[in-house]
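S.K.: Compact mmCIF, C-alpha atoms, file input27.txt:
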```txt
# COMPACT_ATOMS: atom_id res chain seq x y z
CA MET A 1 6.27 -12.21 4.38
CA ILE A 2 4.20 -9.35 5.74
CA GLY A 3 2.94 -11.15 8.82
CA ASN A 4 1.05 -8.89 11.23
CA LEU A 5 2.90 -5.68 10.33
CA PRO A 6 -0.22 -3.46 9.76
CA TYR A 7 -1.45 -4.17 13.30
CA VAL A 8 1.98 -3.28 14.75
CA ALA A 9 1.90 0.00 12.78
CA VAL A 10 -1.51 0.83 14.33
CA VAL A 11 -0.12 0.18 17.82
CA ILE A 12 2.85 2.49 17.11
CA PHE A 13 0.43 5.27 16.06
CA ILE A 14 -1.67 4.94 19.22
CA GLY A 15 1.41 4.62 21.44
CA LEU A 16 2.95 7.82 20.07
CA GLY A 17 -0.36 9.63 20.56
CA ILE A 18 -0.67 8.56 24.20
CA TYR A 19 2.98 9.53 24.85
CA THR A 20 2.27 13.04 23.54
CA LEU A 21 -0.85 13.33 25.72
CA MET A 22 0.96 12.30 28.89
CA PHE A 23 4.31 14.07 28.69
CA LYS A 24 3.87 17.40 26.85
CA ARG A 25 2.50 20.65 28.26
CA ASN A 26 1.81 22.91 25.30
CA LEU A 27 -1.88 22.96 24.24
CA ILE A 28 -1.15 22.68 20.50
CA LYS A 29 0.95 19.56 21.07
CA ILE A 30 -1.92 18.01 23.04
CA ALA A 31 -4.24 18.70 20.08
CA ILE A 32 -1.76 16.95 17.74
CA GLY A 33 -1.72 13.93 20.09
CA ILE A 34 -5.53 13.64 20.01
CA CYS A 35 -5.43 13.82 16.20
CA LEU A 36 -2.81 11.01 16.08
CA ILE A 37 -4.94 8.67 18.22
CA GLU A 38 -7.97 9.25 16.00
CA ASN A 39 -6.07 8.50 12.80
CA GLY A 40 -4.64 5.31 14.31
CA VAL A 41 -8.11 4.02 15.10
CA ASN A 42 -9.31 4.79 11.55
CA LEU A 43 -6.39 2.80 10.09
CA PHE A 44 -7.27 -0.13 12.36
CA LEU A 45 -10.87 -0.16 11.11
CA ILE A 46 -9.79 -0.39 7.47
CA THR A 47 -7.20 -3.14 7.94
CA LEU A 48 -9.76 -5.40 9.61
CA GLY A 49 -11.67 -5.92 6.39
CA TYR A 50 -9.04 -7.07 3.92
CA ARG A 51 -9.05 -10.28 1.89
CA LYS A 52 -5.87 -11.59 0.26
CA GLY A 53 -5.61 -10.83 -3.45
CA ALA A 54 -8.94 -8.97 -3.70
CA ILE A 55 -9.91 -5.73 -5.51
CA ALA A 56 -11.89 -2.66 -4.47
CA PRO A 57 -15.71 -3.16 -4.19
CA ILE A 58 -16.68 -1.17 -7.32
CA TYR A 59 -18.25 -2.68 -10.44
CA THR A 60 -17.33 0.02 -12.99
CA GLN A 61 -14.71 -1.39 -15.39
CA ALA A 62 -13.36 -3.86 -12.84
CA PRO A 63 -11.25 -6.87 -13.94
CA SER A 64 -13.69 -9.76 -14.11
CA GLY A 65 -13.70 -12.88 -11.99
CA GLN A 66 -12.09 -11.62 -8.78
CA ILE A 67 -13.29 -11.51 -5.20
CA MET A 68 -13.92 -8.20 -3.45
CA VAL A 69 -12.84 -6.66 -0.14
CA LEU A 70 -15.45 -6.26 2.66
CA PRO A 71 -17.17 -2.87 2.12
CA THR A 72 -18.75 -2.27 5.53
CA PRO A 73 -15.67 -1.10 7.55
CA GLN A 74 -14.91 1.45 4.82
CA ALA A 75 -18.39 2.95 5.22
CA LEU A 76 -17.96 3.23 9.01
CA THR A 77 -14.50 4.85 8.62
CA LEU A 78 -16.01 7.68 6.50
CA THR A 79 -18.20 8.71 9.44
CA SER A 80 -15.28 8.49 11.87
CA ILE A 81 -13.07 10.78 9.77
CA VAL A 82 -15.71 13.52 9.73
CA ILE A 83 -16.12 13.29 13.51
CA GLY A 84 -12.33 13.72 13.81
CA ILE A 85 -12.55 16.96 11.81
CA ALA A 86 -15.24 18.32 14.16
CA THR A 87 -13.21 17.46 17.28
CA THR A 88 -9.98 19.07 15.96
CA ALA A 89 -11.75 22.28 14.88
CA LEU A 90 -13.36 22.75 18.29
CA ILE A 91 -10.23 22.04 20.33
CA LEU A 92 -8.16 24.51 18.27
CA SER A 93 -10.83 27.22 18.70
CA VAL A 94 -10.86 26.71 22.48
CA ALA A 95 -7.02 26.94 22.52
CA MET A 96 -7.20 30.32 20.71
CA MET A 97 -9.69 31.69 23.25
CA ILE A 98 -7.50 30.49 26.18
CA TYR A 99 -4.52 32.34 24.66
CA LYS A 100 -6.59 35.52 24.34
CA HIS A 101 -7.65 35.34 27.99
CA TYR A 102 -4.47 34.21 29.80
CA GLY A 103 -1.62 35.31 27.52
CA THR A 104 0.11 31.91 27.62
CA LEU A 105 -0.46 28.35 26.33
CA ASP A 106 1.27 26.41 29.14
CA THR A 107 -1.15 24.11 30.97
CA ASP A 108 0.71 24.48 34.27
CA GLN A 109 -0.09 28.21 34.37
CA VAL A 110 -3.73 28.25 33.28
CA ARG A 111 -5.00 26.45 36.35
CA ARG A 112 -6.48 29.39 38.29
CA LEU A 113 -9.84 30.69 37.11
CA ARG A 114 -9.61 34.41 36.48
CA GLY A 115 -12.60 36.67 36.18
CA MET B 1 9.43 11.63 40.65
CA LYS B 2 6.02 11.83 38.93
CA LYS B 3 7.65 11.44 35.53
CA ILE B 4 9.28 8.13 36.52
CA ILE B 5 5.95 6.62 37.60
CA PHE B 6 4.30 7.84 34.39
CA GLY B 7 7.16 6.38 32.35
CA ILE B 8 6.93 2.92 33.93
CA ALA B 9 3.13 2.82 33.53
CA PHE B 10 3.39 3.86 29.88
CA ILE B 11 6.01 1.16 29.13
CA ILE B 12 3.88 -1.59 30.72
CA PHE B 13 0.74 -0.49 28.81
CA PHE B 14 2.64 -0.25 25.52
CA SER B 15 4.11 -3.75 25.89
CA PHE B 16 0.59 -5.17 26.45
CA LEU B 17 -0.54 -3.55 23.18
CA ILE B 18 2.45 -4.84 21.19
CA VAL B 19 2.03 -8.44 22.42
CA SER B 20 -1.67 -8.43 21.57
CA ALA B 21 -1.01 -6.97 18.12
CA ILE B 22 1.46 -9.74 17.26
CA ASN B 23 -0.92 -12.49 18.46
CA MET B 24 -4.00 -11.33 16.54
CA ARG B 25 -5.52 -13.46 13.78
CA THR B 26 -3.66 -13.57 10.47
CA PHE B 27 -3.87 -10.49 8.30
CA GLY B 28 -6.18 -10.94 5.33
CA GLU B 29 -8.59 -13.69 6.40
CA PRO B 30 -11.81 -12.38 7.95
CA THR B 31 -13.81 -15.12 9.66
CA ILE B 32 -17.42 -13.85 9.62
CA SER B 33 -18.61 -12.24 6.38
CA GLU B 34 -22.23 -13.21 5.60
CA MET B 35 -23.60 -9.64 5.70
CA ASP B 36 -20.90 -8.31 3.38
CA ASP B 37 -21.44 -11.20 0.92
CA TYR B 38 -25.13 -10.26 0.76
CA PHE B 39 -24.20 -6.61 0.13
CA ILE B 40 -21.77 -7.48 -2.68
CA GLU B 41 -24.29 -9.82 -4.38
CA ASN B 42 -27.45 -7.69 -4.22
CA ALA B 43 -26.42 -4.02 -4.12
CA GLN B 44 -26.45 -3.58 -7.88
CA SER B 45 -29.92 -5.03 -8.48
CA GLU B 46 -31.66 -3.38 -5.52
CA THR B 47 -30.24 0.14 -5.64
CA GLY B 48 -28.91 0.42 -9.18
CA ALA B 49 -25.53 1.97 -8.25
CA ASN B 50 -22.17 0.53 -9.26
CA ASN B 51 -20.37 1.68 -6.11
CA VAL B 52 -21.12 -0.70 -3.22
CA VAL B 53 -19.60 1.57 -0.51
CA THR B 54 -21.76 4.56 -1.52
CA SER B 55 -24.91 2.45 -1.58
CA ILE B 56 -24.12 1.22 1.96
CA VAL B 57 -23.46 4.76 3.25
CA PHE B 58 -26.56 6.37 1.72
CA ASP B 59 -29.11 3.57 1.24
CA TYR B 60 -28.64 0.60 3.56
CA ARG B 61 -27.29 2.67 6.50
CA GLY B 62 -28.60 6.15 5.72
CA PHE B 63 -29.50 6.89 9.33
CA ASP B 64 -25.83 6.97 10.40
CA THR B 65 -25.15 9.54 7.68
CA LEU B 66 -27.92 11.72 9.08
CA GLY B 67 -26.25 11.62 12.50
CA GLU B 68 -22.89 12.51 10.99
CA ALA B 69 -24.28 15.50 9.08
CA THR B 70 -25.79 16.75 12.35
CA VAL B 71 -22.41 16.42 14.15
CA LEU B 72 -20.68 18.49 11.43
CA PHE B 73 -23.38 21.18 11.62
CA THR B 74 -23.12 21.33 15.43
CA ALA B 75 -19.33 21.75 15.25
CA VAL B 76 -19.69 24.73 12.88
CA VAL B 77 -22.29 26.31 15.18
CA GLY B 78 -19.89 25.85 18.12
CA VAL B 79 -16.96 27.51 16.32
CA VAL B 80 -19.06 30.52 15.26
CA ALA B 81 -20.47 30.90 18.79
CA LEU B 82 -16.97 30.93 20.36
CA PHE B 83 -15.80 33.82 18.18
CA ARG B 84 -18.93 35.89 18.63
CA GLY B 85 -17.49 38.61 20.87
CA VAL B 86 -14.83 39.73 18.40
CA LYS B 87 -15.73 43.16 17.03
CA LYS B 88 -14.51 43.88 13.51
CA MET C 1 -2.20 37.17 8.13
CA LYS C 2 -0.06 38.82 5.48
CA GLU C 3 -0.33 38.16 1.77
CA MET C 4 2.20 36.15 -0.23
CA SER C 5 4.46 37.13 -3.13
CA ARG C 6 3.45 37.77 -6.72
CA ILE C 7 4.43 34.31 -8.01
CA VAL C 8 2.11 32.58 -5.54
CA LYS C 9 -0.77 34.89 -6.43
CA THR C 10 -0.34 34.29 -10.17
CA VAL C 11 -0.31 30.50 -9.80
CA THR C 12 -3.36 30.66 -7.50
CA ASN C 13 -5.28 32.69 -10.09
CA PHE C 14 -4.63 29.98 -12.65
CA VAL C 15 -5.18 26.84 -10.54
CA TYR C 16 -8.13 27.38 -8.19
CA GLY C 17 -10.76 27.02 -10.96
CA PHE C 18 -9.50 23.58 -11.91
CA ILE C 19 -9.55 22.43 -8.28
CA ILE C 20 -13.19 23.50 -7.87
CA ILE C 21 -14.26 21.76 -11.10
CA PHE C 22 -12.41 18.57 -10.11
CA GLY C 23 -14.19 18.61 -6.75
CA PHE C 24 -17.61 18.93 -8.40
CA TYR C 25 -16.74 16.04 -10.75
CA ILE C 26 -15.99 13.80 -7.75
CA ILE C 27 -19.30 14.78 -6.10
CA ALA C 28 -21.42 14.22 -9.22
CA HIS C 29 -20.03 10.76 -10.14
CA GLY C 30 -20.30 9.38 -6.61
CA HIS C 31 -22.42 6.38 -7.54
CA LEU C 32 -20.08 5.10 -10.30
CA THR C 33 -16.47 5.75 -9.29
CA PRO C 34 -14.77 5.99 -5.88
CA GLY C 35 -15.75 9.24 -4.18
CA GLY C 36 -19.03 10.77 -3.19
CA GLY C 37 -20.33 13.66 -1.13
CA PHE C 38 -17.79 13.88 1.71
CA GLN C 39 -14.65 13.40 -0.37
CA GLY C 40 -15.63 15.89 -3.08
CA GLY C 41 -16.71 18.45 -0.48
CA ALA C 42 -13.29 18.24 1.19
CA VAL C 43 -11.53 18.87 -2.17
CA VAL C 44 -13.58 22.03 -2.87
CA GLY C 45 -13.03 23.21 0.72
CA SER C 46 -9.26 23.00 0.24
CA ALA C 47 -9.58 25.36 -2.77
CA PHE C 48 -11.10 27.98 -0.45
CA ALA C 49 -8.25 27.47 2.03
CA LEU C 50 -5.75 28.02 -0.82
CA LEU C 51 -7.42 31.34 -1.72
CA LEU C 52 -7.35 32.49 1.91
CA VAL C 53 -3.68 31.62 2.48
CA SER C 54 -2.31 33.18 -0.69
CA TYR C 55 -4.21 36.48 -0.57
CA GLY C 56 -4.09 37.20 3.15
CA SER C 57 -7.08 37.47 5.45
CA LEU C 58 -7.64 41.23 4.93
CA ASN C 59 -7.82 41.08 1.12
CA SER C 60 -9.91 37.94 0.91
CA LYS C 61 -12.85 39.58 2.68
CA LYS C 62 -13.76 41.14 -0.67
CA PHE C 63 -14.64 37.89 -2.40
CA LEU C 64 -15.22 35.28 0.34
CA LYS C 65 -18.14 36.25 2.54
CA GLU C 66 -19.26 34.20 5.54
CA ASP C 67 -22.99 34.90 5.20
CA ILE C 68 -23.38 33.15 1.84
CA PHE C 69 -21.49 30.07 3.06
CA SER C 70 -23.67 29.84 6.14
CA LEU C 71 -26.81 30.05 3.98
CA PHE C 72 -25.68 27.21 1.71
CA GLU C 73 -24.84 24.99 4.66
CA GLY C 74 -28.32 25.20 6.13
CA PHE C 75 -29.82 24.66 2.68
CA GLY C 76 -27.79 21.46 2.16
CA LEU C 77 -28.84 19.93 5.48
CA ILE C 78 -32.54 20.75 4.91
CA LEU C 79 -32.40 19.16 1.43
CA PHE C 80 -30.91 15.97 2.94
CA ILE C 81 -33.67 15.71 5.56
CA VAL C 82 -36.43 16.32 2.97
CA LEU C 83 -35.02 13.50 0.81
CA GLY C 84 -35.11 11.22 3.84
CA PHE C 85 -38.72 11.98 4.65
CA SER C 86 -40.10 11.67 1.13
CA GLY C 87 -39.90 7.87 1.06
CA LEU C 88 -42.00 7.59 4.21
CA GLY C 89 -44.73 5.54 2.52
CA ILE C 90 -42.75 2.34 3.17
CA THR C 91 -39.99 3.25 5.63
CA PHE C 92 -37.66 6.09 6.66
CA PHE C 93 -34.82 6.70 4.08
CA TYR C 94 -36.38 4.44 1.44
CA ASN C 95 -34.90 4.64 -2.08
CA PHE C 96 -38.12 5.51 -3.89
CA LEU C 97 -36.52 6.42 -7.20
CA ALA C 98 -34.49 3.25 -7.91
CA ASN C 99 -35.57 0.98 -10.84
CA SER C 100 -38.68 3.05 -11.48
CA GLY C 101 -38.09 4.71 -14.86
CA GLY C 102 -38.44 8.20 -13.46
CA TRP C 103 -35.76 10.79 -12.82
CA PHE C 104 -32.66 8.70 -11.99
CA GLY C 105 -34.35 5.40 -12.51
CA ASP C 106 -32.67 3.15 -15.12
CA THR C 107 -31.82 -0.39 -14.06
CA ALA C 108 -28.10 -1.21 -13.97
CA VAL C 109 -26.56 -4.09 -15.90
CA ILE C 110 -25.56 -6.85 -13.45
CA GLY C 111 -21.82 -7.51 -13.36
CA VAL C 112 -18.89 -5.55 -14.75
CA ASN C 113 -20.01 -2.67 -16.98
CA PRO C 114 -18.98 0.87 -17.94
CA GLY C 115 -21.15 3.07 -15.76
CA ASP C 116 -24.46 4.64 -16.80
CA MET C 117 -25.05 8.07 -15.29
CA ASN C 118 -28.84 7.78 -15.18
CA THR C 119 -28.92 5.01 -12.53
CA GLY C 120 -28.82 5.14 -8.77
CA GLY C 121 -32.17 6.37 -7.53
CA VAL C 122 -31.99 8.93 -4.74
CA ILE C 123 -28.21 8.45 -4.17
CA PRO C 124 -26.88 11.21 -6.56
CA LEU C 125 -29.28 13.78 -5.02
CA MET C 126 -28.05 12.89 -1.52
CA ASN C 127 -24.45 13.20 -2.78
CA ILE C 128 -25.12 16.76 -3.98
CA ALA C 129 -26.81 17.75 -0.69
CA VAL C 130 -24.02 16.40 1.52
CA GLY C 131 -21.31 17.85 -0.77
CA LEU C 132 -22.89 21.30 -0.54
CA GLU C 133 -22.97 21.06 3.25
CA VAL C 134 -19.35 19.93 3.62
CA LEU C 135 -17.87 22.60 1.37
CA SER C 136 -19.73 25.38 3.16
CA ALA C 137 -18.67 23.99 6.55
CA PHE C 138 -15.01 24.15 5.49
CA GLY C 139 -15.43 27.74 4.27
CA VAL C 140 -17.11 28.94 7.48
CA ILE C 141 -14.58 27.26 9.81
CA VAL C 142 -11.51 28.58 7.97
CA LEU C 143 -12.81 32.14 7.59
CA THR C 144 -13.98 32.42 11.21
CA MET C 145 -10.65 31.19 12.60
CA ALA C 146 -8.72 33.65 10.39
CA ARG C 147 -10.83 36.55 11.67
CA GLY C 148 -10.24 35.41 15.26
CA ALA C 149 -6.47 35.08 14.75
CA GLU C 150 -6.19 38.73 13.76
CA PHE C 151 -7.84 39.80 16.98
CA THR C 152 -5.60 37.74 19.29
CA LYS C 153 -2.47 39.01 17.59
CA LYS C 154 -3.49 42.64 18.19
CA LYS C 155 -3.65 42.06 21.95
CA GLU C 156 -0.04 40.85 22.08
CA LYS C 157 1.26 43.94 20.29
CA SER C 158 -0.51 46.49 22.52
```
Please render this file's structure as structure tokens.
M.R.:
Amino acid sequence: MIGNLPYVAVVIFIGLGIYTLMFKRNLIKIAIGICLIENGVNLFLITLGYRKGAIAPIYTQAPSGQIMVLPTPQALTLTSIVIGIATTALILSVAMMIYKHYGTLDTDQVRRLRG
Amino acid sequence: MKKIIFGIAFIIFFSFLIVSAINMRTFGEPTISEMDDYFIENAQSETGANNVVTSIVFDYRGFDTLGEATVLFTAVVGVVALFRGVKK
Amino acid sequence: MKEMSRIVKTVTNFVYGFIIIFGFYIIAHGHLTPGGGFQGGAVVGSAFALLLVSYGSLNSKKFLKEDIFSLFEGFGLILFIVLGFSGLGITFFYNFLANSGGWFGDTAVIGVNPGDMNTGGVIPLMNIAVGLEVLSAFGVIVLTMARGAEFTKKKEKS
């Protein structure tokens, strides 16, 4: 009934992110596009490790006699989320300093280096 | 003129991604899982924690967590260094 | 940025203590329930962002200072590295406190059980170190960007 719908949702995320990177000119919209691509890749990592009808890999008060989901992709996704936070914080800070120096946020007008 | 070329390239790339997403293996049946079966069997007796994901992140693969803590620290140092010239 | 109305400030006064306590609960029970260092640190960091947004960036300089947050962040990272080096008798990042009867050293019951807080070895200490680092990192980033935003707005008005 579900088929391959989670993988199609991941492709829609990444496609929307690449569309925003290619066709928009404002710096804040470019930062939103980078954030969308990163979240799509994190969703893809989690949906790779799913078993049908299984529960979360935790032993505290779990219903007995059931199989568990693969725990390794969830551990790798934790690291990837934190790296996404670092990237977004730095790109927003650089956008604020560009606005202070040039007076505008349009990427077609910040091409010349000014002293 | 440039926008039309970008638009055609984006549509071709997007259709490749959609076709490969529909033809992937079925959702919910991983093929290779020996390492994760070992982790689920032996994590409680070797580390003593009930949470298998936490024992992977901090005990079996603790070196990746060290790298991630360093990346977070470097990002904070970068943000503070960018706003250094602001007098207040 | 300007401060918000009186209703928002009253609700913030009542709620931000519960958010901080809930975040510390998630950090401390990281080896029994879903959660851990990174998730609990993000919850406490969002409490600091709530304080900054509802009181304005000029008023919140009285009770949120950047120097203390920066000190705690360095302290958390150094504690994490010291815990990694102290198991160096066998290998790097060895769990030298698990199943040993010492500080966090009870053995866990195999299979489904209600959790015992005394288990886990060196994992709860690492949770506390990483949680301290993440919450200070959130505080420093949010406060520094708010101070920078005031400065760029002044240039546009002049």
S.K.: Taking into account all atoms listed in the file, which residue in the set A:Leu21, A:Ala89, A:Ile58, A:Leu27 is nearest to Val110 (chain A)?
M.R.: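 Going through A:Leu21, A:Ala89, A:Ile58, A:Leu27 one by one, the smallest distance to Val110 (chain A) is for A:Leu27.
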S.K.: Counting all atoms listed in the file, collect the residues of chain C whose closest atom lies at most 6 Å from chain B, and write them out as a list of chain:residue names.
M.R.: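 That gives C:His31, C:Leu32, C:Ala98, C:Thr107, C:Ala108, C:Thr119, C:Gly120 for chain C.
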S.K.: If we count only C-alpha atoms, what is near region 64-72 of chain C at a cut-off of 8 Å, once residues fewer than 2 positions away on the same chain are taken out, given as a ChimeraX atom specification?
M.R.: /C:60-62,74-76,132-133,136-137,139-140,143-144
S.K.: Using all atoms listed in the file, tabulate the residues of chain A lying at most 7 Å from any atom of chain B, each with its closest atom pair and that distance in Å to one decimal, by chain and increasing residue number, as CSV.
M.R.:
```
residue,atom,partner,partner_atom,distance
A:Gly3,CA,B:Phe27,CA,6.9
A:Asn4,CA,B:Phe27,CA,5.9
A:Tyr7,CA,B:Ala21,CA,5.6
A:Val8,CA,B:Ala21,CA,5.8
A:Val11,CA,B:Leu17,CA,6.5
A:Gly15,CA,B:Phe14,CA,6.5
A:Gly49,CA,B:Pro30,CA,6.6
A:Tyr50,CA,B:Gly28,CA,5.0
A:Arg51,CA,B:Gly28,CA,4.5
A:Lys52,CA,B:Gly28,CA,5.1
A:Pro57,CA,B:Val52,CA,6.0
A:Ile58,CA,B:Asn51,CA,4.8
A:Tyr59,CA,B:Asn50,CA,5.2
A:Thr60,CA,B:Asn50,CA,6.1
A:Leu70,CA,B:Asp36,CA,5.9
A:Pro71,CA,B:Val53,CA,5.7
A:Thr72,CA,B:Asp36,CA,6.8
A:Ala75,CA,B:Val57,CA,5.7
A:Thr79,CA,B:Glu68,CA,6.2
A:Ala86,CA,B:Ala75,CA,5.4
A:Leu90,CA,B:Val79,CA,6.3
A:Ser93,CA,B:Val79,CA,6.6
```
S.K.: Counting all atoms listed in the file, which residue out of C:Phe80, C:Phe38, C:Tyr55, C:Phe24 sits closest to chain A?
M.R.: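 Smallest separation from chain A among the options: C:Phe38.
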S.K.: Could you please determine the separation between CA of Asn13 (chain C) and CA of Gly41 (chain C) in Å, to one decimal place?
M.R.: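 One can read the CA of Asn13 (chain C) to CA of Gly41 (chain C) distance as 20.6 Å.
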S.K.: Per residue of chain C within 12 Å of chain A, which atom pair is closest and at what distance in Å (one decimal), using only C-alpha atoms, listed by chain and increasing number, as CSV?
M.R.:
```
residue,atom,partner,partner_atom,distance
C:His29,CA,A:Thr60,CA,11.4
C:Gly30,CA,A:Ile58,CA,11.2
C:His31,CA,A:Ile58,CA,9.5
C:Leu32,CA,A:Thr60,CA,6.4
C:Thr33,CA,A:Thr60,CA,6.9
C:Pro34,CA,A:Ile58,CA,7.5
C:Gly35,CA,A:Leu78,CA,10.8
C:Gly36,CA,A:Leu78,CA,10.6
C:Gly37,CA,A:Leu78,CA,10.6
C:Phe38,CA,A:Leu78,CA,8.0
C:Gln39,CA,A:Leu78,CA,9.0
C:Gly41,CA,A:Val82,CA,11.4
C:Ala42,CA,A:Val82,CA,10.1
C:Ala108,CA,A:Tyr59,CA,10.6
C:Val109,CA,A:Tyr59,CA,10.0
C:Ile110,CA,A:Tyr59,CA,8.9
C:Gly111,CA,A:Tyr59,CA,6.7
C:Val112,CA,A:Tyr59,CA,5.2
C:Asn113,CA,A:Thr60,CA,5.5
C:Pro114,CA,A:Thr60,CA,5.3
C:Gly115,CA,A:Thr60,CA,5.6
C:Asp116,CA,A:Thr60,CA,9.3
C:Met117,CA,A:Thr60,CA,11.4
C:Val134,CA,A:Val82,CA,9.6
C:Ala137,CA,A:Ala86,CA,10.1
C:Phe138,CA,A:Ile85,CA,9.9
C:Val140,CA,A:Ala89,CA,11.3
C:Ile141,CA,A:Ala89,CA,7.6
C:Val142,CA,A:Ala89,CA,9.4
C:Thr144,CA,A:Ser93,CA,9.6
C:Met145,CA,A:Ser93,CA,7.3
C:Ala146,CA,A:Ser93,CA,10.7
C:Arg147,CA,A:Met96,CA,11.6
C:Gly148,CA,A:Met96,CA,8.1
C:Ala149,CA,A:Met96,CA,7.7
C:Glu150,CA,A:Met96,CA,11.0
C:Phe151,CA,A:Lys100,CA,8.6
C:Thr152,CA,A:Lys100,CA,5.6
C:Lys153,CA,A:Lys100,CA,8.6
C:Lys154,CA,A:Lys100,CA,9.9
C:Lys155,CA,A:Lys100,CA,7.6
C:Glu156,CA,A:Gly103,CA,7.9
C:Lys157,CA,A:Gly103,CA,11.6
```
